[in-house]
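Everything below belongs to structure_25.pdb, which stores PDB, C-alpha atoms and all ligand atoms.
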```pdb
ATOM      1  CA  MET A  27      48.180 -67.182  40.588
ATOM      2  CA  ARG A  28      50.326 -69.144  38.134
ATOM      3  CA  PHE A  29      49.558 -66.782  35.257
ATOM      4  CA  LYS A  30      49.991 -63.401  36.942
ATOM      5  CA  ASP A  31      51.359 -60.950  34.334
ATOM      6  CA  ARG A  32      50.980 -63.593  31.621
ATOM      7  CA  VAL A  33      49.086 -63.166  28.369
ATOM      8  CA  ALA A  34      47.407 -66.119  26.671
ATOM      9  CA  VAL A  35      45.660 -66.800  23.395
ATOM     10  CA  VAL A  36      43.161 -69.668  23.441
ATOM     11  CA  THR A  37      41.717 -70.790  20.114
ATOM     12  CA  GLY A  38      38.235 -72.246  19.958
ATOM     13  CA  ALA A  39      37.554 -70.368  23.193
ATOM     14  CA  GLY A  40      33.919 -69.782  22.276
ATOM     15  CA  SER A  41      32.683 -73.082  23.659
ATOM     16  CA  GLY A  42      33.521 -76.411  25.282
ATOM     17  CA  ILE A  43      37.088 -77.155  26.337
ATOM     18  CA  GLY A  44      38.420 -73.863  24.950
ATOM     19  CA  ALA A  45      35.947 -71.797  26.980
ATOM     20  CA  ALA A  46      36.836 -73.783  30.111
ATOM     21  CA  THR A  47      40.548 -73.255  29.409
ATOM     22  CA  ALA A  48      40.119 -69.515  28.880
ATOM     23  CA  ARG A  49      38.211 -69.257  32.177
ATOM     24  CA  ARG A  50      40.802 -71.363  34.010
ATOM     25  CA  LEU A  51      43.789 -69.340  32.779
ATOM     26  CA  ALA A  52      42.005 -66.086  33.592
ATOM     27  CA  SER A  53      41.080 -67.326  37.073
ATOM     28  CA  GLU A  54      44.794 -67.824  37.695
ATOM     29  CA  GLY A  55      45.692 -64.305  36.583
ATOM     30  CA  ALA A  56      46.201 -64.459  32.811
ATOM     31  CA  ALA A  57      44.916 -61.859  30.392
ATOM     32  CA  VAL A  58      43.216 -64.042  27.797
ATOM     33  CA  VAL A  59      42.482 -63.439  24.134
ATOM     34  CA  CYS A  60      39.522 -65.640  23.240
ATOM     35  CA  ALA A  61      39.951 -66.491  19.552
ATOM     36  CA  ASP A  62      37.196 -68.259  17.674
ATOM     37  CA  TRP A  63      35.575 -68.179  14.260
ATOM     38  CA  ASN A  64      32.351 -67.925  16.227
ATOM     39  CA  GLU A  65      32.759 -64.282  17.171
ATOM     40  CA  GLU A  66      29.662 -64.256  19.375
ATOM     41  CA  GLY A  67      30.848 -67.243  21.416
ATOM     42  CA  ALA A  68      34.290 -65.748  21.925
ATOM     43  CA  ALA A  69      32.813 -62.380  22.950
ATOM     44  CA  LYS A  70      30.475 -64.061  25.443
ATOM     45  CA  VAL A  71      33.297 -65.960  27.151
ATOM     46  CA  ALA A  72      35.510 -62.848  27.241
ATOM     47  CA  ALA A  73      32.630 -60.859  28.784
ATOM     48  CA  GLU A  74      32.076 -63.559  31.422
ATOM     49  CA  ILE A  75      35.757 -63.457  32.351
ATOM     50  CA  GLU A  76      35.672 -59.691  32.671
ATOM     51  CA  ALA A  77      32.475 -59.821  34.714
ATOM     52  CA  ALA A  78      34.261 -62.187  37.100
ATOM     53  CA  GLY A  79      37.047 -59.614  37.524
ATOM     54  CA  GLY A  80      39.498 -61.041  34.992
ATOM     55  CA  ARG A  81      41.113 -59.597  31.877
ATOM     56  CA  ALA A  82      40.022 -60.784  28.456
ATOM     57  CA  ALA A  83      39.435 -59.765  24.856
ATOM     58  CA  ALA A  84      37.746 -61.506  21.973
ATOM     59  CA  VAL A  85      38.882 -61.811  18.396
ATOM     60  CA  LYS A  86      37.197 -63.378  15.380
ATOM     61  CA  CYS A  87      39.697 -65.857  14.056
ATOM     62  CA  ASP A  88      39.554 -68.714  11.590
ATOM     63  CA  VAL A  89      42.737 -70.600  12.456
ATOM     64  CA  SER A  90      43.001 -71.993   8.928
ATOM     65  CA  ARG A  91      43.738 -68.465   7.697
ATOM     66  CA  LYS A  92      47.213 -67.090   8.257
ATOM     67  CA  ALA A  93      46.042 -63.460   8.407
ATOM     68  CA  ASP A  94      43.537 -64.313  11.181
ATOM     69  CA  CYS A  95      46.238 -66.086  13.203
ATOM     70  CA  ASP A  96      48.569 -63.104  12.886
ATOM     71  CA  ALA A  97      45.697 -60.838  13.974
ATOM     72  CA  ALA A  98      44.983 -62.930  17.079
ATOM     73  CA  VAL A  99      48.626 -62.707  18.151
ATOM     74  CA  LYS A 100      48.677 -58.975  17.390
ATOM     75  CA  LYS A 101      45.576 -58.551  19.535
ATOM     76  CA  ALA A 102      47.406 -60.120  22.499
ATOM     77  CA  VAL A 103      50.423 -57.877  22.021
ATOM     78  CA  ASP A 104      48.415 -54.698  21.412
ATOM     79  CA  ALA A 105      45.816 -55.227  24.134
ATOM     80  CA  PHE A 106      47.956 -56.818  26.849
ATOM     81  CA  GLY A 107      51.597 -56.215  25.923
ATOM     82  CA  GLY A 108      52.856 -59.636  24.930
ATOM     83  CA  LEU A 109      52.170 -63.324  24.486
ATOM     84  CA  HIS A 110      53.347 -66.039  26.857
ATOM     85  CA  VAL A 111      50.843 -68.852  26.361
ATOM     86  CA  LEU A 112      49.159 -70.275  23.274
ATOM     87  CA  VAL A 113      46.545 -72.993  23.665
ATOM     88  CA  ASN A 114      45.663 -74.435  20.266
ATOM     89  CA  ASN A 115      42.291 -75.947  21.004
ATOM     90  CA  ALA A 116      40.112 -75.122  17.964
ATOM     91  CA  GLY A 117      39.048 -78.279  16.213
ATOM     92  CA  ILE A 118      36.301 -79.811  14.087
ATOM     93  CA  THR A 119      35.050 -83.243  13.058
ATOM     94  CA  ARG A 120      33.525 -84.196   9.706
ATOM     95  CA  ASP A 121      33.038 -87.925  10.188
ATOM     96  CA  GLY A 122      32.505 -90.643   7.602
ATOM     97  CA  PHE A 123      33.869 -94.051   6.755
ATOM     98  CA  ALA A 124      36.965 -93.822   4.593
ATOM     99  CA  LYS A 125      35.495 -95.535   1.528
ATOM    100  CA  LYS A 126      32.964 -92.718   1.166
ATOM    101  CA  LEU A 127      34.735 -89.810   2.862
ATOM    102  CA  GLY A 128      34.477 -86.772   0.606
ATOM    103  CA  GLU A 129      37.591 -84.861  -0.279
ATOM    104  CA  ASP A 130      35.910 -81.725   1.107
ATOM    105  CA  LYS A 131      35.618 -83.323   4.561
ATOM    106  CA  TRP A 132      39.250 -84.389   4.435
ATOM    107  CA  ASP A 133      40.377 -80.883   3.473
ATOM    108  CA  GLN A 134      38.194 -79.071   6.040
ATOM    109  CA  VAL A 135      39.388 -81.153   8.980
ATOM    110  CA  LEU A 136      43.050 -81.041   7.993
ATOM    111  CA  ALA A 137      42.814 -77.282   7.368
ATOM    112  CA  VAL A 138      41.447 -76.461  10.816
ATOM    113  CA  ASN A 139      42.986 -79.114  13.058
ATOM    114  CA  LEU A 140      46.460 -79.449  11.576
ATOM    115  CA  LYS A 141      47.178 -76.449   9.386
ATOM    116  CA  GLY A 142      45.382 -74.176  11.867
ATOM    117  CA  THR A 143      47.539 -75.433  14.726
ATOM    118  CA  PHE A 144      50.671 -74.895  12.642
ATOM    119  CA  LEU A 145      49.676 -71.387  11.555
ATOM    120  CA  MET A 146      48.881 -70.291  15.107
ATOM    121  CA  CYS A 147      52.200 -71.728  16.331
ATOM    122  CA  GLN A 148      54.022 -69.928  13.543
ATOM    123  CA  SER A 149      52.411 -66.574  14.376
ATOM    124  CA  ALA A 150      52.978 -66.962  18.127
ATOM    125  CA  MET A 151      56.523 -68.294  17.978
ATOM    126  CA  LEU A 152      57.869 -65.056  16.539
ATOM    127  CA  VAL A 153      56.843 -63.143  19.669
ATOM    128  CA  MET A 154      57.823 -65.945  22.041
ATOM    129  CA  MET A 155      61.269 -66.589  20.541
ATOM    130  CA  GLU A 156      62.094 -62.914  20.603
ATOM    131  CA  ARG A 157      61.405 -62.843  24.342
ATOM    132  CA  ASN A 158      62.917 -66.261  25.103
ATOM    133  CA  TYR A 159      59.773 -67.482  26.823
ATOM    134  CA  GLY A 160      56.722 -69.391  25.716
ATOM    135  CA  ARG A 161      54.311 -72.194  26.478
ATOM    136  CA  ILE A 162      52.450 -73.737  23.565
ATOM    137  CA  VAL A 163      49.837 -76.392  24.270
ATOM    138  CA  ASN A 164      48.274 -78.195  21.316
ATOM    139  CA  THR A 165      45.251 -80.470  21.313
ATOM    140  CA  ALA A 166      45.235 -83.949  19.816
ATOM    141  CA  SER A 167      42.729 -86.686  20.694
ATOM    142  CA  VAL A 168      42.497 -90.271  21.822
ATOM    143  CA  ALA A 169      41.383 -90.839  18.199
ATOM    144  CA  VAL A 170      45.065 -90.891  17.185
ATOM    145  CA  LEU A 171      45.037 -94.523  18.337
ATOM    146  CA  GLY A 172      42.567 -95.243  15.524
ATOM    147  CA  ASN A 173      38.839 -94.638  15.342
ATOM    148  CA  PRO A 174      36.528 -95.952  12.610
ATOM    149  CA  GLY A 175      34.735 -93.120  10.823
ATOM    150  CA  GLN A 176      37.413 -90.583  11.691
ATOM    151  CA  ALA A 177      40.247 -91.129   9.203
ATOM    152  CA  ASN A 178      40.482 -87.392   8.548
ATOM    153  CA  TYR A 179      40.229 -86.420  12.227
ATOM    154  CA  ALA A 180      42.658 -89.107  13.473
ATOM    155  CA  ALA A 181      45.177 -88.198  10.765
ATOM    156  CA  SER A 182      44.912 -84.500  11.600
ATOM    157  CA  LYS A 183      45.435 -85.137  15.309
ATOM    158  CA  ALA A 184      48.330 -87.545  14.709
ATOM    159  CA  GLY A 185      49.830 -84.756  12.611
ATOM    160  CA  VAL A 186      49.461 -82.395  15.563
ATOM    161  CA  ILE A 187      51.612 -84.770  17.634
ATOM    162  CA  GLY A 188      54.382 -84.832  15.000
ATOM    163  CA  LEU A 189      54.165 -81.051  14.765
ATOM    164  CA  THR A 190      54.374 -80.731  18.556
ATOM    165  CA  ARG A 191      57.486 -82.886  18.829
ATOM    166  CA  THR A 192      59.220 -81.065  15.984
ATOM    167  CA  LEU A 193      58.427 -77.578  17.271
ATOM    168  CA  ALA A 194      59.543 -78.626  20.766
ATOM    169  CA  LEU A 195      62.990 -79.251  19.286
ATOM    170  CA  GLU A 196      63.045 -76.169  17.051
ATOM    171  CA  LEU A 197      61.962 -73.767  19.817
ATOM    172  CA  SER A 198      63.876 -75.279  22.738
ATOM    173  CA  ARG A 199      66.844 -72.935  22.474
ATOM    174  CA  ASN A 200      64.446 -70.036  23.072
ATOM    175  CA  GLN A 201      62.924 -71.645  26.167
ATOM    176  CA  VAL A 202      59.594 -72.150  24.424
ATOM    177  CA  THR A 203      57.983 -75.453  25.415
ATOM    178  CA  VAL A 204      55.530 -77.215  23.114
ATOM    179  CA  ASN A 205      53.295 -79.980  24.422
ATOM    180  CA  CYS A 206      50.073 -81.661  23.497
ATOM    181  CA  VAL A 207      46.961 -82.801  25.322
ATOM    182  CA  ALA A 208      45.034 -85.800  23.981
ATOM    183  CA  PRO A 209      41.513 -85.757  25.405
ATOM    184  CA  GLY A 210      39.134 -88.669  25.339
ATOM    185  CA  ALA A 211      35.339 -88.294  25.223
ATOM    186  CA  THR A 212      34.535 -84.922  26.777
ATOM    187  CA  ASP A 213      31.147 -83.441  27.576
ATOM    188  CA  THR A 214      30.969 -80.701  24.924
ATOM    189  CA  ALA A 215      28.995 -79.907  21.777
ATOM    190  CA  MET A 216      31.505 -81.916  19.740
ATOM    191  CA  PHE A 217      31.001 -85.193  21.605
ATOM    192  CA  ASN A 218      27.319 -84.571  22.168
ATOM    193  CA  GLY A 219      26.942 -84.499  18.373
ATOM    194  CA  VAL A 220      27.678 -88.248  18.337
ATOM    195  CA  PRO A 221      24.528 -90.413  18.034
ATOM    196  CA  ASP A 222      23.243 -91.579  21.456
ATOM    197  CA  ASP A 223      23.790 -95.315  20.906
ATOM    198  CA  ILE A 224      27.414 -94.806  19.832
ATOM    199  CA  LYS A 225      27.944 -92.358  22.683
ATOM    200  CA  ALA A 226      26.709 -94.896  25.242
ATOM    201  CA  LYS A 227      29.024 -97.533  23.769
ATOM    202  CA  ILE A 228      32.018 -95.200  23.925
ATOM    203  CA  VAL A 229      31.318 -94.135  27.520
ATOM    204  CA  GLY A 230      30.834 -97.786  28.515
ATOM    205  CA  SER A 231      34.298 -98.597  27.165
ATOM    206  CA  ILE A 232      36.045 -95.889  29.202
ATOM    207  CA  PRO A 233      37.764 -97.390  32.291
ATOM    208  CA  LEU A 234      36.470 -94.519  34.493
ATOM    209  CA  LYS A 235      32.966 -95.042  32.989
ATOM    210  CA  ARG A 236      32.215 -91.400  32.312
ATOM    211  CA  MET A 237      33.047 -88.545  29.979
ATOM    212  CA  ALA A 238      35.562 -85.895  30.978
ATOM    213  CA  LYS A 239      34.222 -82.528  32.050
ATOM    214  CA  PRO A 240      35.684 -79.703  29.899
ATOM    215  CA  GLU A 241      37.198 -78.297  33.099
ATOM    216  CA  GLU A 242      39.244 -81.478  33.555
ATOM    217  CA  VAL A 243      40.905 -81.033  30.171
ATOM    218  CA  ALA A 244      41.292 -77.298  30.908
ATOM    219  CA  ALA A 245      43.207 -78.197  34.081
ATOM    220  CA  LEU A 246      45.737 -80.124  31.990
ATOM    221  CA  HIS A 247      45.988 -77.333  29.433
ATOM    222  CA  ALA A 248      46.675 -74.961  32.338
ATOM    223  CA  PHE A 249      49.307 -77.230  33.895
ATOM    224  CA  LEU A 250      51.236 -77.548  30.632
ATOM    225  CA  ALA A 251      50.880 -73.794  30.060
ATOM    226  CA  SER A 252      52.308 -73.001  33.491
ATOM    227  CA  ASP A 253      55.804 -72.914  34.922
ATOM    228  CA  ASP A 254      54.967 -76.083  36.872
ATOM    229  CA  ALA A 255      55.648 -77.745  33.517
ATOM    230  CA  ALA A 256      58.752 -75.686  32.682
ATOM    231  CA  TYR A 257      60.912 -78.779  32.112
ATOM    232  CA  ILE A 258      58.360 -80.691  30.046
ATOM    233  CA  THR A 259      58.456 -80.318  26.284
ATOM    234  CA  GLY A 260      57.535 -82.398  23.245
ATOM    235  CA  GLN A 261      55.156 -84.571  25.252
ATOM    236  CA  VAL A 262      51.655 -85.870  24.654
ATOM    237  CA  VAL A 263      49.496 -86.319  27.743
ATOM    238  CA  PHE A 264      46.281 -88.304  27.472
ATOM    239  CA  CYS A 265      43.309 -87.038  29.498
ATOM    240  CA  ASP A 266      40.952 -89.882  28.705
ATOM    241  CA  GLY A 267      39.745 -91.707  31.803
ATOM    242  CA  GLY A 268      42.129 -94.540  30.958
ATOM    243  CA  SER A 269      40.853 -95.206  27.414
ATOM    244  CA  SER A 270      44.345 -95.322  25.910
ATOM    245  CA  VAL A 271      45.681 -97.746  28.499
ATOM    246  CA  GLY A 272      46.077-101.165  26.945
ATOM    247  CA  ALA A 273      44.544 -99.920  23.689
TER     248      ALA A 273
HETATM  249  N1  LIG B 301      34.855 -83.309  23.027
HETATM  250  C1  LIG B 301      35.593 -84.376  22.842
HETATM  251  O1  LIG B 301      35.134 -85.504  23.107
HETATM  252  C2  LIG B 301      37.011 -84.265  22.358
HETATM  253  C3  LIG B 301      37.813 -85.408  22.390
HETATM  254  C4  LIG B 301      39.118 -85.333  21.942
HETATM  255  C5  LIG B 301      39.637 -84.134  21.471
HETATM  256  N2  LIG B 301      38.818 -83.031  21.452
HETATM  257  C6  LIG B 301      39.430 -81.798  20.927
HETATM  258  O2  LIG B 301      39.268 -80.768  21.860
HETATM  259  C7  LIG B 301      39.193 -79.512  21.189
HETATM  260  C8  LIG B 301      37.976 -78.742  21.674
HETATM  261  O3  LIG B 301      36.819 -79.450  21.315
HETATM  262  P1  LIG B 301      35.425 -79.295  22.070
HETATM  263  O4  LIG B 301      35.004 -80.629  22.446
HETATM  264  O5  LIG B 301      35.498 -78.231  23.097
HETATM  265  O6  LIG B 301      34.534 -78.858  20.818
HETATM  266  P2  LIG B 301      33.499 -77.649  20.612
HETATM  267  O7  LIG B 301      32.890 -77.937  19.293
HETATM  268  O8  LIG B 301      32.654 -77.452  21.799
HETATM  269  O9  LIG B 301      34.468 -76.386  20.509
HETATM  270  C9  LIG B 301      35.321 -76.163  19.432
HETATM  271  C10 LIG B 301      35.485 -74.668  19.256
HETATM  272  O10 LIG B 301      36.386 -74.452  18.186
HETATM  273  C11 LIG B 301      35.868 -73.429  17.360
HETATM  274  N3  LIG B 301      36.394 -73.569  16.011
HETATM  275  C12 LIG B 301      36.135 -74.538  15.122
HETATM  276  N4  LIG B 301      36.795 -74.300  13.981
HETATM  277  C13 LIG B 301      37.486 -73.152  14.156
HETATM  278  C14 LIG B 301      38.354 -72.388  13.331
HETATM  279  N5  LIG B 301      38.616 -72.733  12.055
HETATM  280  N6  LIG B 301      38.937 -71.283  13.844
HETATM  281  C15 LIG B 301      38.660 -70.911  15.110
HETATM  282  N7  LIG B 301      37.815 -71.575  15.923
HETATM  283  C16 LIG B 301      37.250 -72.688  15.451
HETATM  284  C17 LIG B 301      34.360 -73.613  17.426
HETATM  285  O11 LIG B 301      33.661 -72.449  17.024
HETATM  286  C18 LIG B 301      34.173 -73.963  18.888
HETATM  287  O12 LIG B 301      33.999 -72.825  19.693
HETATM  288  C19 LIG B 301      39.173 -79.843  19.696
HETATM  289  O13 LIG B 301      40.465 -79.699  19.153
HETATM  290  C20 LIG B 301      38.751 -81.290  19.669
HETATM  291  O14 LIG B 301      39.198 -81.959  18.517
HETATM  292  C21 LIG B 301      37.530 -83.073  21.886
END
```
Please render this file's structure as structure tokens.
Amino acid sequence: MRFKDRVAVVTGAGSGIGAATARRLASEGAAVVCADWNEEGAAKVAAEIEAAGGRAAAVKCDVSRKADCDAAVKKAVDAFGGLHVLVNNAGITRDGFAKKLGEDKWDQVLAVNLKGTFLMCQSAMLVMMERNYGRIVNTASVAVLGNPGQANYAASKAGVIGLTRTLALELSRNQVTVNCVAPGATDTAMFNGVPDDIKAKIVGSIPLKRMAKPEEVAALHAFLASDDAAYITGQVVFCDGGSSVGA
């Protein structure tokens, strides 16, 4: 029970990797606030956790809005008495080759993936620094190595890495660690939205020759959120079946 008496907020907990992470943290004792702009998805995952004997609450939260981020943190404090773990997992893609990529797609992806991660960190750090304890886990992507059609997404995720390293330094004196997971192709709605022929090509190029299961990324989120990783901060860990090796 690595998360006994711990309270966590997981963003994008309404589906995919975020739902798997919320379930994993709860299964190890955490009280989990499932935050998602898809209120129904978040409520469903929270209800599943409770039905399995865990503690959870759901909150509608668009991470690109400061007030929503503050409300998600407040929910954790009000409902469960604190905040120890933040997993910034919410993310979107709006793909297109750079020469035609609309400004709207650039802005949407940067607003959710990068600004949203920053805003959630900013809301959570106030509680964590005050109590001299915290584990923040952000989510980048193997796309930071470069991926045609994803200039906006790759830039946003590369930004998340710079943010992670900087916050790791700023928050270190308060014993708040900040790390980042970089998943490769993972079997969720996001990756399943990729056209079949491109998907097959991507999976064929992965050294382990398969997608990750959301639970495999959740396991890494949970490790970095736990005290097993107490002396790790400012790091990026790829969970990508070997895709980044030699890339
Ligand atoms: N699936 C992959 O292949 C893959 C690969 C690398 C990185 N990732 C990253 O992993 C994370 C999870 O992705 P996933 O594959 O589970 O995708 P998903 O689409 O299944 O889940 C994303 C969740 O985030 C929520 N969300 C989106 N925008 C939001 C916002 N503004 N505020 C709050 N919630 C919001 C969605 O409602 C959804 O529940 C993302 O950050 C994604 O970029 C995924």
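Applying the 10 Å criterion to (36.5, -68.2, 10.4) in file coordinates and using only C-alpha atoms, one obtains the residues Ala61, Asp62, Trp63, Asn64, Glu65, Lys86, Cys87, Asp88, Val89, Ser90, Arg91, Asp94 and Val138 of chain A.
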Step by step, measure atom-to-atom distances between ligand LIG 301 (chain B) and each residue using only C-alpha atoms and all ligand atoms, keep those at most 7 Å, then write them as an mmCIF file with C-alpha atoms, keeping the file's coordinate frame.
```cif
data_model
loop_
_atom_site.group_PDB
_atom_site.id
_atom_site.type_symbol
_atom_site.label_atom_id
_atom_site.label_comp_id
_atom_site.auth_asym_id
_atom_site.auth_seq_id
_atom_site.Cartn_x
_atom_site.Cartn_y
_atom_site.Cartn_z
ATOM 1 C CA THR A 37 41.717 -70.790 20.114
ATOM 2 C CA GLY A 38 38.235 -72.246 19.958
ATOM 3 C CA ALA A 39 37.554 -70.368 23.193
ATOM 4 C CA GLY A 40 33.919 -69.782 22.276
ATOM 5 C CA SER A 41 32.683 -73.082 23.659
ATOM 6 C CA GLY A 42 33.521 -76.411 25.282
ATOM 7 C CA ILE A 43 37.088 -77.155 26.337
ATOM 8 C CA GLY A 44 38.420 -73.863 24.950
ATOM 9 C CA ALA A 61 39.951 -66.491 19.552
ATOM 10 C CA ASP A 62 37.196 -68.259 17.674
ATOM 11 C CA TRP A 63 35.575 -68.179 14.260
ATOM 12 C CA ASN A 64 32.351 -67.925 16.227
ATOM 13 C CA GLY A 67 30.848 -67.243 21.416
ATOM 14 C CA CYS A 87 39.697 -65.857 14.056
ATOM 15 C CA ASP A 88 39.554 -68.714 11.590
ATOM 16 C CA VAL A 89 42.737 -70.600 12.456
ATOM 17 C CA SER A 90 43.001 -71.993 8.928
ATOM 18 C CA ASN A 115 42.291 -75.947 21.004
ATOM 19 C CA ALA A 116 40.112 -75.122 17.964
ATOM 20 C CA GLY A 117 39.048 -78.279 16.213
ATOM 21 C CA ILE A 118 36.301 -79.811 14.087
ATOM 22 C CA THR A 119 35.050 -83.243 13.058
ATOM 23 C CA VAL A 138 41.447 -76.461 10.816
ATOM 24 C CA ASN A 139 42.986 -79.114 13.058
ATOM 25 C CA GLY A 142 45.382 -74.176 11.867
ATOM 26 C CA THR A 165 45.251 -80.470 21.313
ATOM 27 C CA ALA A 166 45.235 -83.949 19.816
ATOM 28 C CA SER A 167 42.729 -86.686 20.694
ATOM 29 C CA VAL A 168 42.497 -90.271 21.822
ATOM 30 C CA ALA A 208 45.034 -85.800 23.981
ATOM 31 C CA PRO A 209 41.513 -85.757 25.405
ATOM 32 C CA GLY A 210 39.134 -88.669 25.339
ATOM 33 C CA ALA A 211 35.339 -88.294 25.223
ATOM 34 C CA THR A 212 34.535 -84.922 26.777
ATOM 35 C CA ASP A 213 31.147 -83.441 27.576
ATOM 36 C CA THR A 214 30.969 -80.701 24.924
ATOM 37 C CA ALA A 215 28.995 -79.907 21.777
ATOM 38 C CA MET A 216 31.505 -81.916 19.740
ATOM 39 C CA PHE A 217 31.001 -85.193 21.605
ATOM 40 C CA PRO A 240 35.684 -79.703 29.899
#
```
For a quick check of your reading of the model, name the residues lying within 10 Å of the coordinate (37.4, -62.3, 28.5), counting all atoms listed in the file, and write them as number ranges by chain. A: 39, 45, 48-49, 52, 57-60, 68-84
Given the file shown, determine the residues that the PyMOL selection byres (((chain A and resi 175) around 6) and not hetatm) selects; report them as a list in words.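 Matching residues under the PyMOL selection byres (((chain A and resi 175) around 6) and not hetatm) are Asp121, Gly122, Phe123, Pro174 and Gln176 of chain A.
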Can you work out which one of A:Val85, A:Leu171, A:Leu109, A:Ala194 has the shortest atom-to-atom distance to A:Cys206, counting only C-alpha atoms?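 Using only C-alpha atoms, A:Cys206 sits closest to A:Ala194.
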